[in-house]
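Shown here: structure-v2.cif, mmCIF, C-alpha atoms.
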```cif
data_entry
loop_
_atom_site.label_atom_id
_atom_site.label_comp_id
_atom_site.auth_asym_id
_atom_site.auth_seq_id
_atom_site.Cartn_x
_atom_site.Cartn_y
_atom_site.Cartn_z
CA MET A 1 14.79 14.77 -32.14
CA ARG A 2 17.08 15.80 -29.30
CA ASP A 3 14.35 14.94 -26.80
CA GLY A 4 14.05 11.23 -26.02
CA THR A 5 10.31 11.62 -25.50
CA VAL A 6 9.95 12.89 -29.07
CA ARG A 7 11.91 9.92 -30.38
CA GLN A 8 9.72 7.51 -28.44
CA ARG A 9 6.59 9.09 -29.89
CA ARG A 10 8.00 8.63 -33.39
CA LYS A 11 8.83 4.99 -32.67
CA ALA A 12 5.27 4.42 -31.50
CA MET A 13 4.09 5.60 -34.94
CA LEU A 14 6.17 3.14 -36.97
CA ASP A 15 3.28 0.68 -37.29
CA LEU A 16 0.85 3.22 -38.74
CA PRO A 17 -0.59 2.08 -42.10
CA HIS A 18 1.32 4.57 -44.27
CA VAL A 19 4.72 3.58 -42.87
CA ALA A 20 4.34 -0.02 -41.63
CA ARG A 21 5.64 -1.58 -44.87
CA LEU A 22 8.69 0.67 -44.74
CA THR A 23 9.32 -0.30 -41.13
CA VAL A 24 9.35 -3.94 -42.21
CA TYR A 25 11.72 -3.04 -45.07
CA VAL A 26 14.17 -1.51 -42.59
CA ALA A 27 13.89 -4.51 -40.29
CA GLU A 28 14.74 -6.78 -43.22
CA LEU A 29 17.81 -4.69 -44.05
CA ARG A 30 18.95 -5.07 -40.47
CA HIS A 31 18.22 -8.78 -40.45
CA HIS A 32 19.84 -9.77 -43.74
CA GLY A 33 23.48 -9.39 -42.91
CA SER A 34 23.90 -5.66 -42.43
CA PRO A 35 26.07 -5.15 -39.34
CA GLN A 36 25.82 -1.39 -39.69
CA GLU A 37 23.28 1.02 -38.24
CA VAL A 38 20.10 1.38 -40.35
CA PRO A 39 17.77 4.17 -39.18
CA ASP A 40 13.99 4.13 -39.63
CA PHE A 41 11.87 6.25 -41.95
CA ASP A 42 10.23 9.26 -40.34
CA PRO A 43 6.52 8.47 -39.84
CA LEU A 44 5.68 12.16 -40.13
CA ASP A 45 6.60 11.96 -43.82
CA GLY A 46 4.36 10.47 -46.48
CA GLY A 47 5.49 6.86 -46.23
CA VAL A 48 4.07 4.62 -48.96
CA ASP A 49 1.78 7.45 -50.09
CA ALA A 50 4.76 9.62 -51.10
CA ARG A 51 4.97 10.97 -54.64
CA ALA A 52 8.59 12.09 -54.23
CA LEU A 53 11.59 10.25 -52.81
CA PHE A 54 14.51 12.40 -51.69
CA LEU A 55 17.65 10.27 -51.81
CA PHE A 56 20.53 11.65 -49.80
CA GLU A 57 23.93 9.98 -49.55
CA LYS A 58 24.48 8.16 -46.27
CA PRO A 59 23.22 8.44 -42.68
CA CYS A 60 25.34 10.56 -40.38
CA PRO A 61 26.14 9.97 -36.69
CA MET A 62 23.30 12.29 -35.61
CA THR A 63 20.86 10.24 -37.70
CA VAL A 64 22.05 7.09 -35.97
CA LYS A 65 21.61 8.79 -32.61
CA SER A 66 17.98 9.71 -33.31
CA GLY A 67 17.23 6.42 -35.06
CA PHE A 68 15.40 8.18 -37.93
CA ILE A 69 16.11 9.63 -41.35
CA SER A 70 14.40 12.91 -40.59
CA ARG A 71 14.35 16.60 -41.42
CA ASN A 72 13.80 17.09 -37.69
CA ASN A 73 17.14 15.63 -36.63
CA ASP A 74 19.42 17.75 -34.49
CA ASP A 75 22.00 18.69 -37.11
CA ALA A 76 22.63 21.46 -39.62
CA THR A 77 21.86 19.35 -42.70
CA ALA A 78 18.47 18.33 -41.32
CA GLU A 79 17.67 21.94 -40.45
CA ALA A 80 18.56 23.06 -43.97
CA THR A 81 16.52 20.22 -45.44
CA PHE A 82 13.45 21.32 -43.48
CA ASP A 83 13.97 24.92 -44.63
CA PHE A 84 14.54 24.08 -48.29
CA MET A 85 11.50 21.81 -48.42
CA GLU A 86 9.43 24.73 -47.17
CA LYS A 87 10.97 27.11 -49.71
CA ALA A 88 10.40 24.61 -52.52
CA GLY A 89 6.72 24.36 -51.55
CA ILE A 90 6.67 20.58 -51.18
CA PRO A 91 4.07 19.27 -48.70
CA ARG A 92 5.67 16.87 -46.26
CA LYS A 93 3.06 14.18 -46.83
CA LEU A 94 4.09 13.97 -50.50
CA THR A 95 7.66 13.08 -49.61
CA VAL A 96 9.78 10.35 -48.11
CA ILE A 97 13.48 10.79 -47.27
CA TRP A 98 16.08 8.06 -47.53
CA ASN A 99 19.74 7.48 -48.42
CA VAL A 100 21.35 5.71 -51.35
CA ILE A 101 23.47 3.97 -48.72
CA PRO A 102 20.92 3.15 -45.98
CA TRP A 103 23.44 2.31 -43.26
CA TRP A 104 26.13 4.13 -41.31
CA ASN A 105 29.39 2.21 -41.07
CA GLY A 106 31.60 4.81 -39.42
CA THR A 107 32.80 6.60 -42.56
CA ARG A 108 31.34 9.03 -45.07
CA LYS A 109 33.31 7.33 -47.85
CA VAL A 110 31.19 5.35 -50.31
CA THR A 111 32.95 2.48 -52.08
CA ARG A 112 31.82 1.09 -55.43
CA PRO A 113 30.62 -2.24 -53.95
CA GLU A 114 28.74 -0.31 -51.25
CA LEU A 115 27.13 1.87 -53.90
CA HIS A 116 25.94 -1.19 -55.82
CA GLN A 117 24.47 -2.64 -52.61
CA GLY A 118 22.73 0.64 -51.92
CA VAL A 119 21.27 0.85 -55.42
CA ALA A 120 19.80 -2.63 -55.02
CA CYS A 121 18.18 -1.48 -51.77
CA VAL A 122 16.70 1.58 -53.50
CA GLN A 123 15.28 -0.55 -56.29
CA GLU A 124 13.51 -2.69 -53.70
CA LEU A 125 12.30 0.42 -51.89
CA ALA A 126 10.78 1.82 -55.09
CA LYS A 127 8.52 -1.23 -55.31
CA LEU A 128 7.02 -0.25 -51.95
CA LEU A 129 6.10 3.27 -53.13
CA PRO A 130 3.27 2.78 -55.64
CA ARG A 131 2.51 6.49 -56.04
CA LEU A 132 6.11 7.54 -56.57
CA CYS A 133 6.81 9.61 -59.68
CA THR A 134 10.05 11.47 -58.99
CA VAL A 135 13.33 11.10 -57.12
CA GLY A 136 15.51 13.93 -55.87
CA MET A 137 19.15 12.81 -56.02
CA VAL A 138 20.79 14.90 -53.30
CA GLY A 139 24.56 15.20 -53.38
CA ARG A 140 27.52 13.79 -55.28
CA ASN A 141 27.27 10.21 -54.01
CA ALA A 142 23.55 10.11 -54.73
CA ALA A 143 24.31 11.32 -58.25
CA ARG A 144 26.75 8.42 -58.66
CA ALA A 145 23.77 6.08 -58.35
CA MET A 146 21.79 7.90 -61.00
CA GLN A 147 22.88 5.82 -63.99
CA HIS A 148 21.85 2.67 -62.13
CA LEU A 149 18.35 4.02 -61.42
CA GLU A 150 17.53 5.33 -64.89
CA ARG A 151 15.63 2.12 -65.69
CA LEU A 152 13.02 3.10 -63.14
CA ASN A 153 10.02 4.76 -64.70
CA LEU A 154 10.64 7.87 -62.62
CA VAL A 155 11.87 11.41 -63.13
CA LEU A 156 15.31 11.87 -61.55
CA ILE A 157 16.31 15.36 -60.47
CA GLU A 158 19.75 16.23 -59.10
CA SER A 159 20.74 18.84 -56.55
CA TYR A 160 23.65 19.82 -54.39
CA HIS A 161 23.74 18.55 -50.82
CA PRO A 162 22.41 20.90 -48.06
CA SER A 163 25.42 20.26 -45.85
CA PRO A 164 27.45 22.89 -43.98
CA VAL A 165 30.41 21.96 -46.20
CA VAL A 166 28.61 23.01 -49.39
CA ARG A 167 27.35 26.19 -47.73
CA ALA A 168 30.87 27.09 -46.57
CA THR A 169 32.66 26.31 -49.83
CA SER A 170 30.14 27.56 -52.38
CA ARG A 171 27.20 29.69 -51.33
CA ALA A 172 26.13 29.91 -54.99
CA LYS A 173 25.66 26.14 -55.15
CA TRP A 174 23.87 26.15 -51.79
CA ASP A 175 21.43 28.80 -53.00
CA THR A 176 20.36 26.66 -55.98
CA ILE A 177 19.07 23.81 -53.80
CA PRO A 178 15.49 25.01 -53.15
CA PHE A 179 15.08 25.86 -56.84
CA GLU A 180 16.18 22.36 -57.87
CA TRP A 181 13.86 20.84 -55.28
CA ALA A 182 10.99 22.96 -56.56
CA LYS A 183 11.31 21.00 -59.82
CA VAL A 184 10.23 17.95 -57.85
CA MET A 185 6.97 19.67 -56.98
CA THR A 186 6.56 20.77 -60.58
CA THR A 187 6.97 17.17 -61.68
CA ILE A 188 4.27 16.03 -59.28
CA GLU A 189 1.88 18.80 -60.31
CA SER A 190 2.38 18.30 -64.03
CA GLY A 191 1.46 14.63 -63.76
CA ILE A 192 4.69 13.26 -65.25
CA ALA A 193 4.87 9.47 -64.87
CA ASN A 194 1.10 9.08 -64.71
CA GLY A 195 1.65 5.59 -66.11
CA LEU A 196 2.51 4.39 -62.61
CA ARG A 197 -0.43 2.75 -60.92
CA GLU A 198 -0.97 1.75 -57.34
CA ASN A 199 -0.21 -1.91 -56.58
CA ASP A 200 1.66 -2.28 -59.88
CA PRO A 201 5.31 -2.50 -58.80
CA ASP A 202 6.40 -4.25 -62.02
CA LYS A 203 6.07 -0.93 -63.85
CA LEU A 204 8.83 0.42 -61.63
CA ILE A 205 11.47 -1.59 -63.47
CA SER A 206 10.64 -0.50 -67.00
CA GLY A 207 11.07 2.71 -68.93
CA VAL A 208 13.79 5.34 -68.83
CA GLY A 209 14.19 7.96 -66.16
CA VAL A 210 14.62 11.63 -67.00
CA ALA A 211 17.80 13.22 -65.65
CA SER A 212 19.36 16.64 -65.79
CA GLY A 213 22.78 15.23 -66.65
CA ARG A 214 24.62 17.62 -64.35
CA GLN A 215 27.01 16.52 -61.63
CA PHE A 216 26.50 17.77 -58.10
CA GLU A 217 28.40 17.41 -54.87
#
```
Could you render the structure as C-alpha coordinates?
Amino acid sequence: MRDGTVRQRRKAMLDLPHVARLTVYVAELRHHGSPQEVPDFDPLDGGVDARALFLFEKPCPMTVKSGFISRNNDDATAEATFDFMEKAGIPRKLTVIWNVIPWWNGTRKVTRPELHQGVACVQELAKLLPRLCTVGMVGRNAARAMQHLERLNLVLIESYHPSPVVRATSRAKWDTIPFEWAKVMTTIESGIANGLRENDPDKLISGVGVASGRQFE
(Lines of atoms letter the chains of each structure in order from A and count residues from 1; the text may use other names and numbers.)
(Lines give C-alpha, C1' and ligand atoms only; values in the text may rest on other atoms or scores of the structure.)
Protein backbone atom coordinates (compact mmCIF):
# COMPACT_ATOMS: atom_id res chain seq x y z
CA MET A 1 0.00 0.00 0.00
CA ARG A 2 3.04 2.26 -0.05
CA ASP A 3 2.57 2.79 -3.78
CA GLY A 4 -0.10 5.35 -4.67
CA THR A 5 -0.91 3.43 -7.84
CA VAL A 6 -1.78 0.37 -5.75
CA ARG A 7 -4.05 2.45 -3.54
CA GLN A 8 -5.82 3.90 -6.57
CA ARG A 9 -6.42 0.40 -7.94
CA ARG A 10 -7.98 -0.61 -4.63
CA LYS A 11 -10.20 2.47 -4.62
CA ALA A 12 -11.39 1.60 -8.11
CA MET A 13 -12.57 -1.77 -6.73
CA LEU A 14 -14.74 -0.35 -3.95
CA ASP A 15 -17.91 -0.58 -6.05
CA LEU A 16 -17.50 -4.27 -6.85
CA PRO A 17 -20.57 -6.32 -5.83
CA HIS A 18 -18.95 -8.09 -2.86
CA VAL A 19 -17.80 -4.85 -1.22
CA ALA A 20 -20.18 -2.13 -2.47
CA ARG A 21 -22.52 -2.39 0.55
CA LEU A 22 -19.56 -2.06 2.89
CA THR A 23 -18.33 0.99 0.99
CA VAL A 24 -21.73 2.59 1.55
CA TYR A 25 -21.54 1.63 5.24
CA VAL A 26 -18.22 3.45 5.58
CA ALA A 27 -19.58 6.48 3.74
CA GLU A 28 -22.48 6.60 6.18
CA LEU A 29 -20.11 6.48 9.15
CA ARG A 30 -18.24 9.42 7.69
CA HIS A 31 -21.44 11.31 6.96
CA HIS A 32 -23.23 10.83 10.27
CA GLY A 33 -21.19 13.04 12.53
CA SER A 34 -17.84 11.26 12.70
CA PRO A 35 -15.14 13.93 12.38
CA GLN A 36 -12.42 11.30 12.58
CA GLU A 37 -10.74 9.32 9.81
CA VAL A 38 -12.66 6.17 8.77
CA PRO A 39 -10.73 3.92 6.36
CA ASP A 40 -12.37 1.66 3.78
CA PHE A 41 -12.61 -2.13 3.75
CA ASP A 42 -10.04 -3.89 1.60
CA PRO A 43 -11.79 -5.08 -1.59
CA LEU A 44 -9.32 -7.95 -1.88
CA ASP A 45 -10.93 -9.51 1.20
CA GLY A 46 -14.24 -11.36 1.15
CA GLY A 47 -16.56 -8.40 1.69
CA VAL A 48 -20.19 -9.40 2.27
CA ASP A 49 -19.34 -13.02 1.39
CA ALA A 50 -17.02 -13.34 4.40
CA ARG A 51 -17.60 -16.12 6.91
CA ALA A 52 -15.18 -14.64 9.45
CA LEU A 53 -14.83 -11.08 10.73
CA PHE A 54 -11.51 -10.18 12.33
CA LEU A 55 -12.10 -7.27 14.70
CA PHE A 56 -8.97 -5.40 15.66
CA GLU A 57 -8.92 -2.42 18.02
CA LYS A 58 -8.56 0.91 16.23
CA PRO A 59 -7.05 2.16 12.96
CA CYS A 60 -3.47 3.36 13.18
CA PRO A 61 -1.85 6.31 11.37
CA MET A 62 -0.53 4.01 8.62
CA THR A 63 -4.07 2.74 8.03
CA VAL A 64 -5.28 6.30 7.67
CA LYS A 65 -2.46 7.00 5.24
CA SER A 66 -3.41 4.10 2.97
CA GLY A 67 -7.14 4.67 3.38
CA PHE A 68 -7.82 0.95 3.92
CA ILE A 69 -8.08 -1.57 6.74
CA SER A 70 -5.74 -4.04 5.08
CA ARG A 71 -3.24 -6.79 5.75
CA ASN A 72 -1.23 -5.20 2.94
CA ASN A 73 -0.65 -1.91 4.73
CA ASP A 74 2.91 -0.72 5.18
CA ASP A 75 3.34 -1.46 8.88
CA ALA A 76 4.53 -4.29 11.10
CA THR A 77 1.08 -5.21 12.42
CA ALA A 78 -0.31 -5.60 8.90
CA GLU A 79 2.68 -7.70 7.88
CA ALA A 80 2.18 -9.98 10.89
CA THR A 81 -1.54 -10.20 10.16
CA PHE A 82 -0.84 -11.36 6.61
CA ASP A 83 1.64 -13.95 7.90
CA PHE A 84 -0.60 -15.28 10.67
CA MET A 85 -3.58 -15.60 8.34
CA GLU A 86 -1.42 -17.75 6.08
CA LYS A 87 -0.21 -19.86 9.00
CA ALA A 88 -3.77 -20.29 10.27
CA GLY A 89 -4.84 -21.54 6.83
CA ILE A 90 -7.67 -19.04 6.39
CA PRO A 91 -8.46 -18.17 2.75
CA ARG A 92 -8.58 -14.43 2.28
CA LYS A 93 -11.95 -14.52 0.55
CA LEU A 94 -13.52 -15.99 3.69
CA THR A 95 -12.48 -13.02 5.80
CA VAL A 96 -13.14 -9.35 6.33
CA ILE A 97 -11.01 -7.15 8.61
CA TRP A 98 -12.34 -4.26 10.64
CA ASN A 99 -11.89 -2.47 13.98
CA VAL A 100 -14.12 -2.25 17.02
CA ILE A 101 -13.44 1.48 16.86
CA PRO A 102 -13.70 2.22 13.11
CA TRP A 103 -12.11 5.68 13.24
CA TRP A 104 -8.73 7.14 14.10
CA ASN A 105 -8.92 10.20 16.34
CA GLY A 106 -5.25 10.77 17.08
CA THR A 107 -4.92 8.48 20.10
CA ARG A 108 -4.76 4.74 20.72
CA LYS A 109 -6.73 5.19 23.94
CA VAL A 110 -10.28 3.83 23.83
CA THR A 111 -12.77 5.47 26.19
CA ARG A 112 -15.91 3.75 27.43
CA PRO A 113 -18.27 6.01 25.41
CA GLU A 114 -16.12 5.41 22.33
CA LEU A 115 -16.28 1.67 22.90
CA HIS A 116 -20.08 1.78 23.11
CA GLN A 117 -20.20 3.76 19.85
CA GLY A 118 -17.91 1.24 18.22
CA VAL A 119 -19.99 -1.73 19.39
CA ALA A 120 -23.09 -0.15 17.85
CA CYS A 121 -21.19 0.19 14.56
CA VAL A 122 -20.15 -3.48 14.69
CA GLN A 123 -23.73 -4.57 15.32
CA GLU A 124 -24.81 -2.70 12.20
CA LEU A 125 -21.91 -4.18 10.25
CA ALA A 126 -22.92 -7.72 11.22
CA LYS A 127 -26.28 -7.19 9.51
CA LEU A 128 -24.41 -6.62 6.24
CA LEU A 129 -22.53 -9.94 6.46
CA PRO A 130 -25.19 -12.63 5.90
CA ARG A 131 -22.73 -15.53 5.74
CA LEU A 132 -20.83 -14.56 8.87
CA CYS A 133 -20.45 -17.27 11.51
CA THR A 134 -17.45 -16.28 13.62
CA VAL A 135 -15.62 -13.20 14.88
CA GLY A 136 -11.97 -13.03 15.86
CA MET A 137 -11.59 -10.49 18.68
CA VAL A 138 -8.01 -9.30 18.26
CA GLY A 139 -6.41 -7.51 21.20
CA ARG A 140 -7.37 -6.19 24.61
CA ASN A 141 -9.68 -3.40 23.45
CA ALA A 142 -11.47 -5.74 21.08
CA ALA A 143 -11.96 -8.14 23.98
CA ARG A 144 -13.56 -5.32 25.98
CA ALA A 145 -16.35 -5.29 23.41
CA MET A 146 -16.94 -9.02 23.69
CA GLN A 147 -19.64 -8.92 26.37
CA HIS A 148 -21.60 -6.46 24.24
CA LEU A 149 -21.47 -8.73 21.18
CA GLU A 150 -22.44 -12.00 22.85
CA ARG A 151 -26.07 -11.53 21.78
CA LEU A 152 -25.00 -12.02 18.19
CA ASN A 153 -25.56 -15.55 16.99
CA LEU A 154 -21.86 -15.89 16.25
CA VAL A 155 -18.85 -17.69 17.67
CA LEU A 156 -16.45 -15.21 19.29
CA ILE A 157 -12.79 -16.17 19.50
CA GLU A 158 -10.16 -14.06 21.28
CA SER A 159 -6.49 -13.63 20.50
CA TYR A 160 -3.58 -11.41 21.36
CA HIS A 161 -2.82 -8.49 19.06
CA PRO A 162 -0.11 -9.01 16.37
CA SER A 163 1.58 -5.72 17.21
CA PRO A 164 5.32 -5.14 17.66
CA VAL A 165 4.59 -4.30 21.31
CA VAL A 166 3.20 -7.77 22.05
CA ARG A 167 6.06 -9.41 20.15
CA ALA A 168 8.64 -7.40 22.12
CA THR A 169 7.09 -7.88 25.55
CA SER A 170 5.91 -11.49 25.34
CA ARG A 171 7.02 -13.73 22.52
CA ALA A 172 5.03 -16.58 24.08
CA LYS A 173 1.79 -14.62 23.66
CA TRP A 174 2.77 -13.62 20.12
CA ASP A 175 3.38 -17.24 19.16
CA THR A 176 -0.15 -18.26 20.18
CA ILE A 177 -1.83 -15.94 17.67
CA PRO A 178 -1.88 -18.19 14.57
CA PHE A 179 -3.15 -21.10 16.68
CA GLU A 180 -6.02 -18.98 18.03
CA TRP A 181 -6.82 -17.77 14.53
CA ALA A 182 -6.82 -21.34 13.26
CA LYS A 183 -9.84 -21.90 15.52
CA VAL A 184 -11.70 -19.45 13.30
CA MET A 185 -11.12 -21.73 10.32
CA THR A 186 -12.15 -24.74 12.39
CA THR A 187 -15.38 -22.97 13.25
CA ILE A 188 -16.11 -22.31 9.60
CA GLU A 189 -15.29 -25.87 8.57
CA SER A 190 -17.32 -27.48 11.33
CA GLY A 191 -20.44 -25.58 10.29
CA ILE A 192 -21.06 -23.89 13.66
CA ALA A 193 -23.81 -21.27 13.39
CA ASN A 194 -25.42 -22.95 10.39
CA GLY A 195 -28.67 -21.35 11.56
CA LEU A 196 -27.59 -18.11 9.89
CA ARG A 197 -29.15 -17.68 6.49
CA GLU A 198 -28.39 -15.26 3.72
CA ASN A 199 -30.64 -12.18 3.65
CA ASP A 200 -31.86 -12.89 7.20
CA PRO A 201 -30.16 -10.17 9.27
CA ASP A 202 -32.71 -10.43 12.10
CA LYS A 203 -31.10 -13.70 13.18
CA LEU A 204 -27.94 -11.74 13.90
CA ILE A 205 -29.45 -10.19 17.01
CA SER A 206 -30.61 -13.37 18.71
CA GLY A 207 -28.85 -16.23 20.43
CA VAL A 208 -25.72 -16.32 22.55
CA GLY A 209 -22.20 -16.14 21.25
CA VAL A 210 -19.55 -18.63 22.28
CA ALA A 211 -16.46 -17.11 23.89
CA SER A 212 -13.24 -18.45 25.32
CA GLY A 213 -13.52 -16.27 28.42
CA ARG A 214 -9.83 -15.40 28.44
CA GLN A 215 -8.49 -11.86 28.46
CA PHE A 216 -5.97 -10.81 25.84
CA GLU A 217 -3.98 -7.69 25.18
inquiry  = Quick check, in Å to one decimal: how far apart do CA of Lys58 in chain A and CA of Trp103 in chain A lie?
reply    =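 So the answer is 6.7 Å.
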Checklist line | Between CA of Met85 in chain A and CA of Asn105 in chain A, distance in Å (one decimal) | finding: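 Interatomic distance here is 27.5 Å.
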Shell around range 178-188 of chain A at 9 Å using only C-alpha atoms, local window under 2 positions removed, as a PyMOL selection string: chain A and resi 51-52+83-91+133-136+155-160+174-176+190-193
Of A:Asn99, A:Thr77, A:Thr107, A:Gln147, the one sitting nearest Val166 in chain A when using only C-alpha atoms is A:Thr77
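The nearest approach to Ala78 in chain A among the residues A:Leu154, A:His161, A:Glu189, A:Ser170, with only C-alpha atoms taken into account, belongs to A:His161.
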Range 46-50 of chain A: which residues within 8 Å, counting all atoms listed in the file, same-chain residues fewer than 5 positions away excluded, as a ChimeraX atom specification?
/A:18-19,21-22,41,92-96,128-132
